[in-house]
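**Student:** This is the content of model.tsv (TSV, N, CA and C atoms):
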chain	number	residue	atom	x	y	z
A	1	MET	N	121.50	1.12	163.34
A	1	MET	CA	121.78	0.06	162.40
A	1	MET	C	122.34	-1.15	163.15
A	2	ASN	N	121.88	-2.31	162.77
A	2	ASN	CA	122.38	-3.52	163.41
A	2	ASN	C	123.57	-4.03	162.60
A	3	SER	N	124.73	-3.48	162.91
A	3	SER	CA	125.92	-3.77	162.11
A	3	SER	C	126.31	-5.24	162.16
A	4	ILE	N	126.02	-5.92	163.26
A	4	ILE	CA	126.35	-7.34	163.37
A	4	ILE	C	125.61	-8.13	162.30
A	5	LEU	N	124.32	-7.86	162.15
A	5	LEU	CA	123.54	-8.58	161.14
A	5	LEU	C	124.08	-8.31	159.75
A	6	ARG	N	124.29	-7.06	159.44
A	6	ARG	CA	124.75	-6.69	158.10
A	6	ARG	C	126.13	-7.27	157.80
A	7	GLU	N	127.06	-7.06	158.73
A	7	GLU	CA	128.42	-7.55	158.52
A	7	GLU	C	128.46	-9.07	158.37
A	8	THR	N	127.73	-9.76	159.22
A	8	THR	CA	127.71	-11.22	159.17
A	8	THR	C	127.07	-11.70	157.88
A	9	ARG	N	125.96	-11.07	157.50
A	9	ARG	CA	125.28	-11.44	156.26
A	9	ARG	C	126.21	-11.27	155.06
A	10	LEU	N	126.90	-10.14	155.01
A	10	LEU	CA	127.80	-9.87	153.89
A	10	LEU	C	128.99	-10.84	153.87
A	11	LYS	N	129.53	-11.16	155.04
A	11	LYS	CA	130.64	-12.13	155.12
A	11	LYS	C	130.22	-13.50	154.61
A	12	LYS	N	128.95	-13.84	154.85
A	12	LYS	CA	128.43	-15.13	154.40
A	12	LYS	C	128.02	-15.10	152.93
A	13	GLY	N	128.06	-13.91	152.32
A	13	GLY	CA	127.69	-13.79	150.91
A	13	GLY	C	126.20	-13.92	150.66
A	14	LEU	N	125.41	-13.55	151.65
A	14	LEU	CA	123.95	-13.66	151.54
A	14	LEU	C	123.32	-12.30	151.28
A	15	THR	N	122.22	-12.31	150.56
A	15	THR	CA	121.46	-11.08	150.34
A	15	THR	C	120.37	-10.97	151.39
A	16	MET	N	119.82	-9.78	151.52
A	16	MET	CA	118.69	-9.59	152.44
A	16	MET	C	117.53	-10.48	152.01
A	17	GLN	N	117.32	-10.60	150.70
A	17	GLN	CA	116.22	-11.41	150.19
A	17	GLN	C	116.38	-12.87	150.60
A	18	GLN	N	117.60	-13.38	150.53
A	18	GLN	CA	117.85	-14.78	150.90
A	18	GLN	C	117.54	-15.01	152.38
A	19	ILE	N	117.98	-14.10	153.23
A	19	ILE	CA	117.69	-14.24	154.66
A	19	ILE	C	116.19	-14.17	154.89
A	20	ALA	N	115.55	-13.17	154.31
A	20	ALA	CA	114.11	-12.99	154.48
A	20	ALA	C	113.34	-14.22	154.04
A	21	ASP	N	113.69	-14.77	152.89
A	21	ASP	CA	113.01	-15.97	152.39
A	21	ASP	C	113.17	-17.15	153.34
A	22	LYS	N	114.36	-17.30	153.88
A	22	LYS	CA	114.63	-18.45	154.77
A	22	LYS	C	113.91	-18.35	156.10
A	23	VAL	N	113.66	-17.13	156.58
A	23	VAL	CA	112.97	-16.98	157.87
A	23	VAL	C	111.48	-16.68	157.71
A	24	GLY	N	111.04	-16.48	156.46
A	24	GLY	CA	109.62	-16.30	156.21
A	24	GLY	C	109.08	-14.90	156.42
A	25	ILE	N	109.91	-13.90	156.12
A	25	ILE	CA	109.45	-12.51	156.21
A	25	ILE	C	109.78	-11.80	154.90
A	26	SER	N	109.27	-10.60	154.75
A	26	SER	CA	109.57	-9.84	153.53
A	26	SER	C	110.97	-9.23	153.63
A	27	LYS	N	111.52	-8.96	152.46
A	27	LYS	CA	112.84	-8.32	152.41
A	27	LYS	C	112.79	-6.95	153.08
A	28	SER	N	111.70	-6.22	152.87
A	28	SER	CA	111.60	-4.88	153.45
A	28	SER	C	111.57	-4.95	154.98
A	29	TYR	N	110.89	-5.96	155.54
A	29	TYR	CA	110.87	-6.10	157.00
A	29	TYR	C	112.26	-6.48	157.52
A	30	TYR	N	112.93	-7.39	156.82
A	30	TYR	CA	114.29	-7.74	157.24
A	30	TYR	C	115.20	-6.51	157.19
A	31	SER	N	115.04	-5.70	156.17
A	31	SER	CA	115.84	-4.49	156.03
A	31	SER	C	115.62	-3.56	157.23
A	32	LEU	N	114.39	-3.44	157.66
A	32	LEU	CA	114.09	-2.61	158.84
A	32	LEU	C	114.77	-3.16	160.09
A	33	ILE	N	114.78	-4.47	160.22
A	33	ILE	CA	115.45	-5.11	161.37
A	33	ILE	C	116.95	-4.83	161.30
A	34	GLU	N	117.51	-5.03	160.13
A	34	GLU	CA	118.96	-4.83	159.97
A	34	GLU	C	119.36	-3.39	160.23
A	35	ARG	N	118.51	-2.45	159.88
A	35	ARG	CA	118.80	-1.04	160.12
A	35	ARG	C	118.46	-0.60	161.55
A	36	GLY	N	117.88	-1.49	162.33
A	36	GLY	CA	117.56	-1.17	163.71
A	36	GLY	C	116.27	-0.38	163.86
A	37	GLU	N	115.44	-0.35	162.82
A	37	GLU	CA	114.18	0.39	162.87
A	37	GLU	C	113.03	-0.47	163.37
A	38	ARG	N	113.22	-1.78	163.40
A	38	ARG	CA	112.24	-2.72	163.94
A	38	ARG	C	112.99	-3.75	164.75
A	39	ARG	N	112.32	-4.24	165.79
A	39	ARG	CA	112.90	-5.30	166.61
A	39	ARG	C	112.34	-6.64	166.17
A	40	ALA	N	113.19	-7.61	166.11
A	40	ALA	CA	112.75	-8.97	165.78
A	40	ALA	C	112.31	-9.68	167.05
A	41	SER	N	111.33	-10.55	166.91
A	41	SER	CA	110.91	-11.37	168.05
A	41	SER	C	112.05	-12.31	168.42
A	42	TYR	N	111.94	-12.93	169.60
A	42	TYR	CA	112.96	-13.89	170.00
A	42	TYR	C	113.04	-15.03	168.99
A	43	GLU	N	111.89	-15.53	168.58
A	43	GLU	CA	111.84	-16.63	167.63
A	43	GLU	C	112.53	-16.25	166.32
A	44	LEU	N	112.22	-15.08	165.81
A	44	LEU	CA	112.81	-14.62	164.56
A	44	LEU	C	114.32	-14.40	164.70
A	45	THR	N	114.73	-13.87	165.83
A	45	THR	CA	116.16	-13.66	166.08
A	45	THR	C	116.91	-14.98	166.07
A	46	PHE	N	116.32	-16.01	166.67
A	46	PHE	CA	116.97	-17.33	166.68
A	46	PHE	C	117.05	-17.90	165.27
A	47	LYS	N	116.01	-17.69	164.46
A	47	LYS	CA	116.04	-18.17	163.07
A	47	LYS	C	117.13	-17.47	162.27
A	48	ILE	N	117.21	-16.15	162.43
A	48	ILE	CA	118.23	-15.38	161.71
A	48	ILE	C	119.63	-15.81	162.15
A	49	ALA	N	119.81	-15.98	163.45
A	49	ALA	CA	121.12	-16.40	163.97
A	49	ALA	C	121.52	-17.76	163.42
A	50	LYS	N	120.56	-18.66	163.31
A	50	LYS	CA	120.86	-20.00	162.79
A	50	LYS	C	121.31	-19.91	161.33
A	51	ILE	N	120.64	-19.11	160.53
A	51	ILE	CA	121.02	-18.95	159.13
A	51	ILE	C	122.40	-18.33	159.00
A	52	LEU	N	122.68	-17.33	159.85
A	52	LEU	CA	123.97	-16.64	159.81
A	52	LEU	C	125.07	-17.40	160.54
A	53	LYS	N	124.68	-18.50	161.18
A	53	LYS	CA	125.63	-19.32	161.95
A	53	LYS	C	126.37	-18.49	162.99
A	54	THR	N	125.56	-17.73	163.74
A	54	THR	CA	126.09	-16.93	164.83
A	54	THR	C	125.23	-17.17	166.06
A	55	LYS	N	125.66	-16.66	167.18
A	55	LYS	CA	124.91	-16.85	168.42
A	55	LYS	C	123.83	-15.78	168.53
A	56	PRO	N	122.63	-16.18	168.94
A	56	PRO	CA	121.55	-15.21	169.11
A	56	PRO	C	121.91	-14.08	170.07
A	57	ASP	N	122.70	-14.39	171.11
A	57	ASP	CA	123.03	-13.34	172.08
A	57	ASP	C	123.83	-12.21	171.46
A	58	CYS	N	124.61	-12.49	170.41
A	58	CYS	CA	125.33	-11.41	169.70
A	58	CYS	C	124.33	-10.46	169.06
A	59	ILE	N	123.28	-11.02	168.50
A	59	ILE	CA	122.25	-10.20	167.86
A	59	ILE	C	121.47	-9.42	168.92
A	60	PHE	N	121.11	-10.09	170.03
A	60	PHE	CA	120.38	-9.41	171.10
A	60	PHE	C	121.18	-8.25	171.67
A	61	LEU	N	122.47	-8.46	171.87
A	61	LEU	CA	123.32	-7.39	172.41
A	61	LEU	C	123.37	-6.21	171.46
A	62	GLU	N	123.44	-6.48	170.17
A	62	GLU	CA	123.45	-5.41	169.18
A	62	GLU	C	122.12	-4.67	169.19
A	63	PHE	N	120.99	-5.40	169.30
A	63	PHE	CA	119.68	-4.76	169.38
A	63	PHE	C	119.62	-3.85	170.61
A	64	GLN	N	120.12	-4.34	171.73
A	64	GLN	CA	120.10	-3.55	172.97
A	64	GLN	C	120.92	-2.28	172.80
A	65	SER	N	122.07	-2.39	172.19
A	65	SER	CA	122.91	-1.22	171.95
A	65	SER	C	122.19	-0.21	171.06
A	66	THR	N	121.55	-0.69	170.01
A	66	THR	CA	120.81	0.18	169.09
A	66	THR	C	119.68	0.89	169.83
A	67	LEU	N	118.94	0.15	170.66
A	67	LEU	CA	117.84	0.74	171.41
A	67	LEU	C	118.33	1.81	172.37
A	68	SER	N	119.45	1.55	173.02
A	68	SER	CA	120.01	2.53	173.96
A	68	SER	C	120.40	3.81	173.23
A	69	LYS	N	121.01	3.67	172.06
A	69	LYS	CA	121.40	4.85	171.28
A	69	LYS	C	120.18	5.64	170.84
A	70	GLN	N	119.12	4.93	170.43
A	70	GLN	CA	117.89	5.60	170.00
A	70	GLN	C	117.26	6.34	171.18
A	71	LYS	N	117.26	5.72	172.35
A	71	LYS	CA	116.69	6.33	173.54
A	71	LYS	C	117.47	7.59	173.92
A	72	ASP	N	118.79	7.49	173.89
A	72	ASP	CA	119.64	8.64	174.21
A	72	ASP	C	119.39	9.78	173.23
A	73	SER	N	119.27	9.43	171.97
A	73	SER	CA	119.04	10.44	170.91
A	73	SER	C	117.72	11.15	171.10
A	74	SER	N	116.66	10.39	171.43
A	74	SER	CA	115.35	11.02	171.62
A	74	SER	C	115.32	11.85	172.89
A	75	SER	N	116.08	11.47	173.92
A	75	SER	CA	116.15	12.25	175.16
A	75	SER	C	116.81	13.60	174.90
A	76	GLN	N	117.83	13.60	174.08
A	76	GLN	CA	118.54	14.84	173.76
A	76	GLN	C	117.65	15.78	172.96
A	77	LYS	N	116.82	15.24	172.09
A	77	LYS	CA	115.92	16.08	171.30
A	77	LYS	C	114.88	16.73	172.19
A	78	VAL	N	114.38	15.99	173.18
A	78	VAL	CA	113.38	16.56	174.08
A	78	VAL	C	113.98	17.67	174.93
A	79	GLY	N	115.22	17.47	175.34
A	79	GLY	CA	115.89	18.44	176.20
A	79	GLY	C	116.35	19.70	175.50
A	80	THR	N	116.35	19.69	174.17
A	80	THR	CA	116.85	20.85	173.43
A	80	THR	C	115.83	21.89	173.21
Rewrite the structure of this file - the entire thing - as structure tokens.
**Tutor:**
Amino acid sequence: MNSILRETRLKKGLTMQQIADKVGISKSYYSLIERGERRASYELTFKIAKILKTKPDCIFLEFQSTLSKQKDSSSQKVGT
């Protein structure tokens, strides 16, 4: 889960639909990004960051953390 996106969105009082509409994607796709199930392109990440009034690097760092956790989790499943 991309907690930075969710927490920032909620602090700003925005819905997933509002963010999705502003960046030109579906609510379901934004939801996947927020949950860490899909990665946003650089361009999309910058658009989301601008709407949330946060730095894109905060979002990128959170994506990297999510990917690392997913990789570790899948490695453990293979080893079991």
**Student:** Please, what distance in Å, to one decimal, runs between CA of Asp57 in chain A and atom C of Gln17 in chain A?
**Tutor:**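 Atom-to-atom, CA of Asp57 in chain A to atom C of Gln17 in chain A, that is 22.5 Å.
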**Student:** Find the spatial neighbours of Ile19 in chain A, counting only N, CA and C atoms, within a cut-off of 8 Å - ignore same-chain residues fewer than 5 positions away - and output them as a list in words.
**Tutor:**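 Listed by chain and then number, they are Leu14, Gly24, Ile25, Ser26, Lys27, Tyr30, Ile48, Ile51 and Leu52 of chain A.
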**Student:** So what do you get for CA of Phe46 in chain A versus atom N of Asp21 in chain A, distance-wise?
**Tutor:** 14.4 Å
**Student:** The centre and edge lengths of an axis-aligned box containing all atoms of range 23-31 of chain A present in the file, extended by 5 Å on each side, are to be given in Å to one decimal, as JSON.
**Tutor:**
{"center_x": 112.5, "center_y": -10.3, "center_z": 155.1, "size_x": 16.8, "size_y": 23.6, "size_z": 15.5}
**Student:** One decimal, in Å: what's the spacing between CA of Tyr29 in chain A and CA of Arg9 in chain A?
**Tutor:**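 Interatomic distance, CA of Tyr29 in chain A to CA of Arg9 in chain A: 15.4 Å.
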**Student:** Pick the closest to Glu7 in chain A from A:Lys50, A:Ala40, A:Glu34, A:Ser28: which is it, counting only C-alpha atoms?
**Tutor:**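 Closest to Glu7 in chain A of all the choices is A:Glu34.
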**Student:** Identify which of the residues A:Cys58, A:Leu10, A:Val23, A:Ile4 lies closest to Glu43 in chain A, counting only C-alpha atoms when measuring atom-to-atom distances.
**Tutor:**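 Going through A:Cys58, A:Leu10, A:Val23, A:Ile4 one by one, the smallest distance to Glu43 in chain A is for A:Val23.
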